[in-house]
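Trainee: My structure is below; once you've seen it, I'll send some questions.
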Amino acid sequence: MILKKIFITLLFVTTLYACSKSDDINPEENQDNFDRAEMLVNWADNIIVPSYNDFNLTTVNLISFTAAFNETTTQENLEMLRTVYKEAYLSFQNVALFEIGPAETVRFYDRLNTYPTNISEIEGLIAAGATDLSLPSTNDAQGFPAIDYMLYGVGENDVEILEFYTTHPNAEKNKAFLMALVSNINGLISNVSENWTAGYRDDFVNNNGSSAAASVDKLTNDFVFYYEKHLRAGKIGIPAGIFSNNPLPNTVEALYAKDFSKALALEALNATERFFKGQSFNTSETGPSYAGYLNFLNTIKNGEDLSSIITAQFSIAKNQLNTLDTNFINQINTNNSAMLQTYDELQRNVILLKVDMMQALSINVDYVDADGD
Amino acid sequence: MKKLFLPALFVTILFTSCSSDDDSGEAISNNVEAPATYVFERDGASTVSFSGQTTRLLMAEEILEAFKDFDNATQTSLQNMFAHVEGAADFSSEDLNNSDKSVRSKTAASKDFFGANTTEAAQIKTTFDGYISTQINEVFPNQNVAAAPGVAGQIADGSSVRYVTGKGLEMNQTFAKGLIGALMADQMLNNYLGTAVLDEADNRSNNDNAITETDKSYTTMEHKWDEAYGYLFGTSANVANPLPTIGEDDSFLNKYTGSVNDDSDFNGIAESIYNAFKLGRAAIVAKNYEVRDEQAATIRQKVSEVLAIRSVYYLQNGKTAIANGDMGGAFHDLSEAYGFVYSLRFTRNTADGMSFFSRSEVDSFLTDLMSEGANGLWDVTPATLDAISEAIAAKFSFTVAQAASAE
């Protein structure tokens, strides 16, 4: 009889087990003792807010130099404007990975860096004298890719580009739209920056639990999403033709500036690596981070610390990226396999971050590839 | 007695607890054998034909595209596409333009449900006409306006742009997902798979005696069955062996049967439907009408489940999006939900031969969805979305939680 009861129990257990395949997706509330609050403080105070502040300043410069260029449209002022444009675009790479809270609300990334930019849409907005670029259908006609076009792409050479703002029949409207572009960027980062200091920082830090809605879980998803979609795919994979039949060199970032795509990719990769290590924006000091969290949990993969494996992979990817031409279009047209190798090295960390790290931290991936409808 | 009873109980438990999606793949039934793929021949010639269904699926795809063609579409051009007449240059291809088929004529047009219910059929057609006029007259003029409560316009859904009415509805979604019920499911479940069509007039005796249609290789009954098949697999990459690309071959029933099949809770449902189509068709060849009708019942049940599961899926995803403050995403999900819920009217309960959901039940779901406040989806609450989800799931053996996650 006892044996029979055991048998019954076993049978039930087996039955339940066999049918439970869909119920074991959600990990339990995280039970580890790592101080997530400390990590959030480090992220907010030493990395995110200082990065936003830096970027905000570069956009103030962008407005000043655009005003100067519009006032005195010369080769010299064009070059100075291009310089501050590049500074701002580089600084943006340090905030692009934080699409959370106020940034998410204003669709920060999509409005600042949707590329390739849409020239006919830009021409329509110029003709209409548009200054409000908040409609989502204008995502691909604003931000840095649109400025890139306006400063490098509106003529065959600098003489023609200057003519676009001087002797062109629409010169005044062209200037006005350039100003609208930089003003919109500045308005967006000012808004995000102010919201962080005005209260979101505290909300972010205090939301220190471990659930799908908690800050660590959400920002980790944003971080890994950024690394996978915008860095690995957007900057390297799509132009290199990973997702198409042929390479698509015209989809590189900073298409018109030409010699700038590698610098942007490197800056972005550095930003993700620093965030992984918890490194302050302004110093080389590190604080509580993913690396520390993984070490705290003593996460081992194939006999090695997972944090060391990921850190090493960041270095490998960076070294590979460094071998590329400063202009990805040249690289794709001369030796695309080096682009593909870079993609592969970046992809290795997608697996390590998205699968190994997120599992170790008991964080669910909250995004899926869009179903396209 | 005890000894006998307990093992029987175990067996019952084992089977009932795992029975949700394991009943596919019956290759042989009552001496009827299903072929490996949907290939049927007579004297060396294929007897399979569903070109009319393929045509309507392709027409529906173009209508869907035109719904968002702000620069060119007009109410007249969309309406003409919907109610195409032979020879009119409504579509991009000559084949479609020269066809005498139209989407509208087969919308809510099944023999079983609407043969003697033309009042409701006319109402349903008018509803689809209304989707077109709302898109052209309310949404199009506000193409470059930001959507707000009571104001039609555009709204971001991630990196996508959605164009909604003042109540938050995307009319291209209500049209497309509504058509999955009113055209594809209704024609399949309530027309071609019903005995009123399969056994109409001399169909049985002709099929028994292998009397084919004039100048055709198939009997009428064979053809009717194939036409049902065509509403699911009519645009498949390989129409004889369509499962490898299920989900990729149209924007309608094929796509969402694939989506449901990708959910581990329902994996195998596409194969169940495909196998039932094969076996039922083989049964017609074998003149075994009992097996044929059993397979029709399976298809009716499973396709009905696809519509119900997808309704709940989008209602629940809309709820999550609202909780995240993502109204653009919520409107997109809930517009799809609206269309799928509308489609529930065309499901088929084999127990009573009726729809799983009456007209009034469906209308009341949609009223609940759209009338919580003055501005439709802008005002809908999680409690309402849950209540509708539960009411839908209650008619089937799946749970809201199973339908809500796509993993």
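Note on naming: chains are A, B, ... as they come in the structure tokens, residues start from 1 per chain, ligands start from 1 in the order shown.
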Could you please select, counting only C-alpha atoms, the residues of chain B within 9 Å of chain A and state them as a ChimeraX atom specification?
Mentor: /B:10,13-14,17-18,144-146,154-162,251,264-265,324-326,402,407
Trainee: Per DSSP on the backbone, filter region 5-244 of chain B down to the residues in strand (DSSP E or B) and report them as a list in words.
Mentor: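 Selecting the strand (DSSP E or B) positions of region 5-244 of chain B gives Ile28, Ser29, Val32, Glu33, Glu41, Arg42, Ala45, Ser46, Ala146, Ala148, Val151, Gly153, Gln154, Ile155, Ala156, Asp157, Ser160, Val161, Arg162, Tyr163 and Val164 of chain B.
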Trainee: Which of these residues is nearest to Lys235 (chain A), using only C-alpha atoms: A:Ala212, A:Leu188, A:Leu264, A:Ala312?
Mentor: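 Once distances to Lys235 (chain A) are computed over only C-alpha atoms, the minimum belongs to A:Leu264.
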Trainee: Show me, as a ChimeraX atom specification, the residues that have an atom within 8 Å of region 149-162 of chain A when counting only C-alpha atoms, minus same-chain residues fewer than 4 positions from it.
Mentor: /A:73-75,78,82,117,145,166,178,255-257
Trainee: Compare A:Val368, A:Ile300, A:Ala263, A:Leu248 by their minimum atom-to-atom distance to Thr323 (chain A), counting only C-alpha atoms, and give me the closest one.
Mentor: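 Ranking A:Val368, A:Ile300, A:Ala263, A:Leu248 by distance to Thr323 (chain A), first place goes to A:Ala263.
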Trainee: Could you give me, as a PDB file with N, CA and C atoms, in the first residue's frame, the residues within 12 Å of Tyr200 (chain A), counting only C-alpha atoms and dropping anything in the same chain fewer than 4 positions from it?
Mentor:
```pdb
ATOM      1  N   ALA A  44      23.600  56.077 -11.371  1.00  0.00           N
ATOM      2  CA  ALA A  44      22.939  57.378 -11.521  1.00  0.00           C
ATOM      3  C   ALA A  44      23.925  58.524 -11.313  1.00  0.00           C
ATOM      4  N   ASP A  45      24.659  58.480 -10.207  1.00  0.00           N
ATOM      5  CA  ASP A  45      25.426  59.663  -9.795  1.00  0.00           C
ATOM      6  C   ASP A  45      26.792  59.755 -10.458  1.00  0.00           C
ATOM      7  N   ILE A  48      25.371  58.070 -15.255  1.00  0.00           N
ATOM      8  CA  ILE A  48      24.281  58.556 -16.119  1.00  0.00           C
ATOM      9  C   ILE A  48      24.158  60.077 -16.071  1.00  0.00           C
ATOM     10  N   VAL A  49      24.009  60.627 -14.865  1.00  0.00           N
ATOM     11  CA  VAL A  49      23.795  62.078 -14.770  1.00  0.00           C
ATOM     12  C   VAL A  49      25.002  62.860 -15.295  1.00  0.00           C
ATOM     13  N   ILE A 100      15.750  55.068 -20.644  1.00  0.00           N
ATOM     14  CA  ILE A 100      14.878  54.744 -19.509  1.00  0.00           C
ATOM     15  C   ILE A 100      14.307  56.038 -18.952  1.00  0.00           C
ATOM     16  N   GLY A 101      13.141  55.960 -18.324  1.00  0.00           N
ATOM     17  CA  GLY A 101      12.555  57.129 -17.661  1.00  0.00           C
ATOM     18  C   GLY A 101      12.291  58.262 -18.638  1.00  0.00           C
ATOM     19  N   PRO A 102      12.796  59.468 -18.317  1.00  0.00           N
ATOM     20  CA  PRO A 102      12.499  60.624 -19.172  1.00  0.00           C
ATOM     21  C   PRO A 102      12.971  60.432 -20.614  1.00  0.00           C
ATOM     22  N   ALA A 103      14.073  59.734 -20.811  1.00  0.00           N
ATOM     23  CA  ALA A 103      14.560  59.517 -22.179  1.00  0.00           C
ATOM     24  C   ALA A 103      13.581  58.650 -22.953  1.00  0.00           C
ATOM     25  N   ASN A 191      15.478  68.548 -21.348  1.00  0.00           N
ATOM     26  CA  ASN A 191      14.324  67.956 -20.703  1.00  0.00           C
ATOM     27  C   ASN A 191      14.728  66.706 -19.908  1.00  0.00           C
ATOM     28  N   VAL A 192      15.507  65.838 -20.548  1.00  0.00           N
ATOM     29  CA  VAL A 192      15.900  64.587 -19.889  1.00  0.00           C
ATOM     30  C   VAL A 192      16.779  64.883 -18.677  1.00  0.00           C
ATOM     31  N   SER A 193      17.735  65.761 -18.874  1.00  0.00           N
ATOM     32  CA  SER A 193      18.662  66.115 -17.811  1.00  0.00           C
ATOM     33  C   SER A 193      17.921  66.723 -16.614  1.00  0.00           C
ATOM     34  N   GLU A 194      17.033  67.657 -16.906  1.00  0.00           N
ATOM     35  CA  GLU A 194      16.289  68.306 -15.822  1.00  0.00           C
ATOM     36  C   GLU A 194      15.420  67.303 -15.078  1.00  0.00           C
ATOM     37  N   ASN A 195      14.778  66.404 -15.821  1.00  0.00           N
ATOM     38  CA  ASN A 195      13.932  65.424 -15.158  1.00  0.00           C
ATOM     39  C   ASN A 195      14.721  64.500 -14.244  1.00  0.00           C
ATOM     40  N   TRP A 196      15.944  64.163 -14.663  1.00  0.00           N
ATOM     41  CA  TRP A 196      16.769  63.326 -13.790  1.00  0.00           C
ATOM     42  C   TRP A 196      17.063  64.047 -12.487  1.00  0.00           C
ATOM     43  N   PHE A 204      14.559  56.414  -9.585  1.00  0.00           N
ATOM     44  CA  PHE A 204      15.388  55.372 -10.200  1.00  0.00           C
ATOM     45  C   PHE A 204      16.168  54.600  -9.134  1.00  0.00           C
ATOM     46  N   VAL A 205      16.800  55.334  -8.239  1.00  0.00           N
ATOM     47  CA  VAL A 205      17.639  54.702  -7.219  1.00  0.00           C
ATOM     48  C   VAL A 205      16.784  53.940  -6.208  1.00  0.00           C
ATOM     49  N   ASN A 206      15.620  54.497  -5.882  1.00  0.00           N
ATOM     50  CA  ASN A 206      14.774  53.842  -4.876  1.00  0.00           C
ATOM     51  C   ASN A 206      14.040  52.619  -5.403  1.00  0.00           C
ATOM     52  N   ASN A 207      13.909  52.538  -6.705  1.00  0.00           N
ATOM     53  CA  ASN A 207      13.232  51.376  -7.313  1.00  0.00           C
ATOM     54  C   ASN A 207      14.249  50.236  -7.410  1.00  0.00           C
ATOM     55  N   SER A 215      14.398  49.068 -11.443  1.00  0.00           N
ATOM     56  CA  SER A 215      15.371  49.828 -12.228  1.00  0.00           C
ATOM     57  C   SER A 215      16.470  48.946 -12.813  1.00  0.00           C
TER      58      SER A 215
END
```
Trainee: Report the residues of region 69-196 of chain A whose backbone DSSP state falls under alpha helix (DSSP H), written as an MDAnalysis selection string.
Mentor: chainID A and resid 69:71 75:92 102:105 108:112 119:128 143:148 158:164 171:195
Trainee: Report, in Å with one decimal, the straight-line distance from CA of Ala321 (chain B) to CA of Glu138 (chain B).
Mentor: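 Taking CA of Ala321 (chain B) and CA of Glu138 (chain B), their separation equals 24.8 Å.
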Trainee: Could you check the closest approach to Ser92 (chain B) for each of B:Met188, B:Thr107, B:Glu61, B:Ala237 and tell me which residue wins, using only C-alpha atoms?
Mentor: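 Using only C-alpha atoms, Ser92 (chain B) sits closest to B:Glu61.
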Trainee: Hey, what's within 10 Å of region 361-370 of chain B if we count only C-alpha atoms and toss same-chain stuff fewer than 4 positions away? As a ChimeraX atom specification, please?
Mentor: /B:167-169,315,334,337-339,341-345,356-357,374-381,384-385,387-389,391-392
Trainee: Got a sec: who's within 10 Å of region 81-90 of chain B, counting only C-alpha atoms, leaving out chain neighbours fewer than 2 positions off, as a PDB file with N, CA, C and O atoms, in the first residue's frame?
Mentor:
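The result, written out as selection.pdb:
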```pdb
ATOM      1  N   ARG B  56      -8.135  36.053 -53.543  1.00  0.00           N
ATOM      2  CA  ARG B  56      -8.703  36.934 -52.517  1.00  0.00           C
ATOM      3  C   ARG B  56      -7.679  37.284 -51.444  1.00  0.00           C
ATOM      4  O   ARG B  56      -7.666  38.401 -50.931  1.00  0.00           O
ATOM      5  N   MET B  59      -5.617  40.010 -52.951  1.00  0.00           N
ATOM      6  CA  MET B  59      -6.388  41.262 -52.966  1.00  0.00           C
ATOM      7  C   MET B  59      -6.410  41.887 -51.572  1.00  0.00           C
ATOM      8  O   MET B  59      -6.214  43.100 -51.413  1.00  0.00           O
ATOM      9  N   ALA B  60      -6.657  41.048 -50.577  1.00  0.00           N
ATOM     10  CA  ALA B  60      -6.734  41.568 -49.209  1.00  0.00           C
ATOM     11  C   ALA B  60      -5.393  42.182 -48.791  1.00  0.00           C
ATOM     12  O   ALA B  60      -5.356  43.208 -48.106  1.00  0.00           O
ATOM     13  N   GLU B  62      -3.270  43.689 -50.735  1.00  0.00           N
ATOM     14  CA  GLU B  62      -3.125  45.010 -51.365  1.00  0.00           C
ATOM     15  C   GLU B  62      -4.035  46.051 -50.712  1.00  0.00           C
ATOM     16  O   GLU B  62      -3.671  47.222 -50.596  1.00  0.00           O
ATOM     17  N   ILE B  63      -5.222  45.619 -50.304  1.00  0.00           N
ATOM     18  CA  ILE B  63      -6.113  46.554 -49.601  1.00  0.00           C
ATOM     19  C   ILE B  63      -5.439  47.045 -48.326  1.00  0.00           C
ATOM     20  O   ILE B  63      -5.454  48.228 -47.996  1.00  0.00           O
ATOM     21  N   LEU B  64      -4.811  46.095 -47.651  1.00  0.00           N
ATOM     22  CA  LEU B  64      -4.143  46.422 -46.388  1.00  0.00           C
ATOM     23  C   LEU B  64      -3.029  47.443 -46.609  1.00  0.00           C
ATOM     24  O   LEU B  64      -2.875  48.396 -45.842  1.00  0.00           O
ATOM     25  N   ALA B  66      -2.919  49.583 -49.021  1.00  0.00           N
ATOM     26  CA  ALA B  66      -3.527  50.851 -49.434  1.00  0.00           C
ATOM     27  C   ALA B  66      -4.102  51.627 -48.248  1.00  0.00           C
ATOM     28  O   ALA B  66      -4.226  52.845 -48.309  1.00  0.00           O
ATOM     29  N   GLN B  75     -11.340  57.190 -50.561  1.00  0.00           N
ATOM     30  CA  GLN B  75     -12.425  56.307 -50.146  1.00  0.00           C
ATOM     31  C   GLN B  75     -12.906  55.478 -51.339  1.00  0.00           C
ATOM     32  O   GLN B  75     -13.158  54.279 -51.213  1.00  0.00           O
ATOM     33  N   THR B  76     -12.969  56.123 -52.505  1.00  0.00           N
ATOM     34  CA  THR B  76     -13.417  55.402 -53.694  1.00  0.00           C
ATOM     35  C   THR B  76     -12.423  54.317 -54.086  1.00  0.00           C
ATOM     36  O   THR B  76     -12.814  53.182 -54.384  1.00  0.00           O
ATOM     37  N   SER B  77     -11.134  54.642 -54.073  1.00  0.00           N
ATOM     38  CA  SER B  77     -10.163  53.643 -54.517  1.00  0.00           C
ATOM     39  C   SER B  77     -10.134  52.445 -53.569  1.00  0.00           C
ATOM     40  O   SER B  77     -10.067  51.292 -54.001  1.00  0.00           O
ATOM     41  N   LEU B  78     -10.219  52.707 -52.253  1.00  0.00           N
ATOM     42  CA  LEU B  78     -10.220  51.599 -51.289  1.00  0.00           C
ATOM     43  C   LEU B  78     -11.490  50.763 -51.404  1.00  0.00           C
ATOM     44  O   LEU B  78     -11.447  49.527 -51.379  1.00  0.00           O
ATOM     45  N   GLN B  79     -12.604  51.461 -51.526  1.00  0.00           N
ATOM     46  CA  GLN B  79     -13.872  50.752 -51.624  1.00  0.00           C
ATOM     47  C   GLN B  79     -13.916  49.905 -52.902  1.00  0.00           C
ATOM     48  O   GLN B  79     -14.412  48.778 -52.896  1.00  0.00           O
ATOM     49  N   SER B  92      -2.425  46.039 -58.370  1.00  0.00           N
ATOM     50  CA  SER B  92      -1.155  46.258 -59.056  1.00  0.00           C
ATOM     51  C   SER B  92      -0.922  45.234 -60.166  1.00  0.00           C
ATOM     52  O   SER B  92      -0.094  45.450 -61.031  1.00  0.00           O
ATOM     53  N   SER B  93      -1.648  44.120 -60.117  1.00  0.00           N
ATOM     54  CA  SER B  93      -1.365  43.095 -61.132  1.00  0.00           C
ATOM     55  C   SER B  93      -2.580  42.861 -62.030  1.00  0.00           C
ATOM     56  O   SER B  93      -3.737  42.981 -61.592  1.00  0.00           O
ATOM     57  N   GLU B  94      -2.301  42.520 -63.256  1.00  0.00           N
ATOM     58  CA  GLU B  94      -3.367  42.249 -64.223  1.00  0.00           C
ATOM     59  C   GLU B  94      -4.203  41.057 -63.787  1.00  0.00           C
ATOM     60  O   GLU B  94      -5.417  41.020 -63.992  1.00  0.00           O
ATOM     61  N   ASP B  95      -3.538  40.064 -63.203  1.00  0.00           N
ATOM     62  CA  ASP B  95      -4.263  38.875 -62.777  1.00  0.00           C
ATOM     63  C   ASP B  95      -5.377  39.233 -61.802  1.00  0.00           C
ATOM     64  O   ASP B  95      -6.502  38.728 -61.911  1.00  0.00           O
ATOM     65  N   LEU B  96      -5.048  40.094 -60.847  1.00  0.00           N
ATOM     66  CA  LEU B  96      -6.069  40.484 -59.872  1.00  0.00           C
ATOM     67  C   LEU B  96      -7.134  41.351 -60.538  1.00  0.00           C
ATOM     68  O   LEU B  96      -8.327  41.178 -60.297  1.00  0.00           O
ATOM     69  N   ASN B  97      -6.699  42.291 -61.393  1.00  0.00           N
ATOM     70  CA  ASN B  97      -7.667  43.182 -62.027  1.00  0.00           C
ATOM     71  C   ASN B  97      -8.642  42.414 -62.913  1.00  0.00           C
ATOM     72  O   ASN B  97      -9.823  42.749 -62.992  1.00  0.00           O
ATOM     73  N   ASN B  98      -8.149  41.388 -63.578  1.00  0.00           N
ATOM     74  CA  ASN B  98      -8.999  40.632 -64.492  1.00  0.00           C
ATOM     75  C   ASN B  98      -9.854  39.584 -63.791  1.00  0.00           C
ATOM     76  O   ASN B  98     -10.664  38.910 -64.427  1.00  0.00           O
ATOM     77  N   SER B  99      -9.650  39.443 -62.501  1.00  0.00           N
ATOM     78  CA  SER B  99     -10.402  38.425 -61.770  1.00  0.00           C
ATOM     79  C   SER B  99     -11.839  38.894 -61.526  1.00  0.00           C
ATOM     80  O   SER B  99     -12.104  40.079 -61.323  1.00  0.00           O
ATOM     81  N   ASP B 100     -12.747  37.934 -61.515  1.00  0.00           N
ATOM     82  CA  ASP B 100     -14.135  38.272 -61.174  1.00  0.00           C
ATOM     83  C   ASP B 100     -14.397  38.080 -59.681  1.00  0.00           C
ATOM     84  O   ASP B 100     -15.527  38.184 -59.223  1.00  0.00           O
ATOM     85  N   LYS B 101     -13.349  37.793 -58.932  1.00  0.00           N
ATOM     86  CA  LYS B 101     -13.498  37.602 -57.490  1.00  0.00           C
ATOM     87  C   LYS B 101     -13.422  38.945 -56.765  1.00  0.00           C
ATOM     88  O   LYS B 101     -12.813  39.884 -57.258  1.00  0.00           O
ATOM     89  N   SER B 102     -14.041  39.001 -55.587  1.00  0.00           N
ATOM     90  CA  SER B 102     -13.834  40.174 -54.747  1.00  0.00           C
ATOM     91  C   SER B 102     -13.826  39.754 -53.287  1.00  0.00           C
ATOM     92  O   SER B 102     -14.369  38.711 -52.921  1.00  0.00           O
ATOM     93  N   VAL B 103     -13.174  40.559 -52.459  1.00  0.00           N
ATOM     94  CA  VAL B 103     -13.115  40.267 -51.029  1.00  0.00           C
ATOM     95  C   VAL B 103     -14.473  40.510 -50.387  1.00  0.00           C
ATOM     96  O   VAL B 103     -14.981  39.705 -49.615  1.00  0.00           O
ATOM     97  N   ARG B 104     -15.102  41.636 -50.757  1.00  0.00           N
ATOM     98  CA  ARG B 104     -16.332  42.025 -50.078  1.00  0.00           C
ATOM     99  C   ARG B 104     -17.450  41.003 -50.296  1.00  0.00           C
ATOM    100  O   ARG B 104     -18.225  40.710 -49.378  1.00  0.00           O
ATOM    101  N   SER B 105     -17.515  40.419 -51.502  1.00  0.00           N
ATOM    102  CA  SER B 105     -18.633  39.516 -51.780  1.00  0.00           C
ATOM    103  C   SER B 105     -18.578  38.255 -50.927  1.00  0.00           C
ATOM    104  O   SER B 105     -19.592  37.602 -50.717  1.00  0.00           O
ATOM    105  N   LYS B 106     -17.391  37.907 -50.422  1.00  0.00           N
ATOM    106  CA  LYS B 106     -17.286  36.720 -49.580  1.00  0.00           C
ATOM    107  C   LYS B 106     -17.124  37.072 -48.104  1.00  0.00           C
ATOM    108  O   LYS B 106     -16.798  36.216 -47.280  1.00  0.00           O
ATOM    109  N   THR B 107     -17.295  38.321 -47.767  1.00  0.00           N
ATOM    110  CA  THR B 107     -17.227  38.738 -46.369  1.00  0.00           C
ATOM    111  C   THR B 107     -18.572  38.456 -45.711  1.00  0.00           C
ATOM    112  O   THR B 107     -19.609  38.908 -46.209  1.00  0.00           O
ATOM    113  N   PHE B 128     -17.284  46.831 -42.389  1.00  0.00           N
ATOM    114  CA  PHE B 128     -15.985  46.907 -43.072  1.00  0.00           C
ATOM    115  C   PHE B 128     -15.914  48.148 -43.971  1.00  0.00           C
ATOM    116  O   PHE B 128     -14.875  48.804 -44.051  1.00  0.00           O
ATOM    117  N   ASP B 129     -17.024  48.469 -44.646  1.00  0.00           N
ATOM    118  CA  ASP B 129     -17.063  49.721 -45.418  1.00  0.00           C
ATOM    119  C   ASP B 129     -16.748  50.901 -44.501  1.00  0.00           C
ATOM    120  O   ASP B 129     -16.041  51.842 -44.886  1.00  0.00           O
ATOM    121  N   ILE B 132     -13.150  51.595 -43.806  1.00  0.00           N
ATOM    122  CA  ILE B 132     -12.522  52.324 -44.908  1.00  0.00           C
ATOM    123  C   ILE B 132     -12.837  53.816 -44.800  1.00  0.00           C
ATOM    124  O   ILE B 132     -11.947  54.664 -44.870  1.00  0.00           O
TER     125      ILE B 132
END
```
Trainee: Rounded to one decimal, what separation in Å do you get between CA of Phe55 (chain A) and CA of Ser91 (chain A)?
Mentor: 5.2 Å
Trainee: What's around Gln320 (chain A) at 10 Å? Count only C-alpha atoms, leave out sequence neighbours fewer than 2 positions away in its own chain, and write the answer as a list in words.
Mentor: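 Surrounding residues, per the criterion: Phe314, Ser315, Ile316, Ala317, Lys318, Asn322, Thr323, Leu324, Ala338, Met339, Gln341, Thr342, Tyr343, Asp344, Glu345 and Leu346 of chain A.
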Trainee: Quick one: distance from CA of Asn186 (chain A) to CA of Tyr89 (chain A) in Å, one decimal?
Mentor: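 Distance reported for this atom pair: 12.2 Å.
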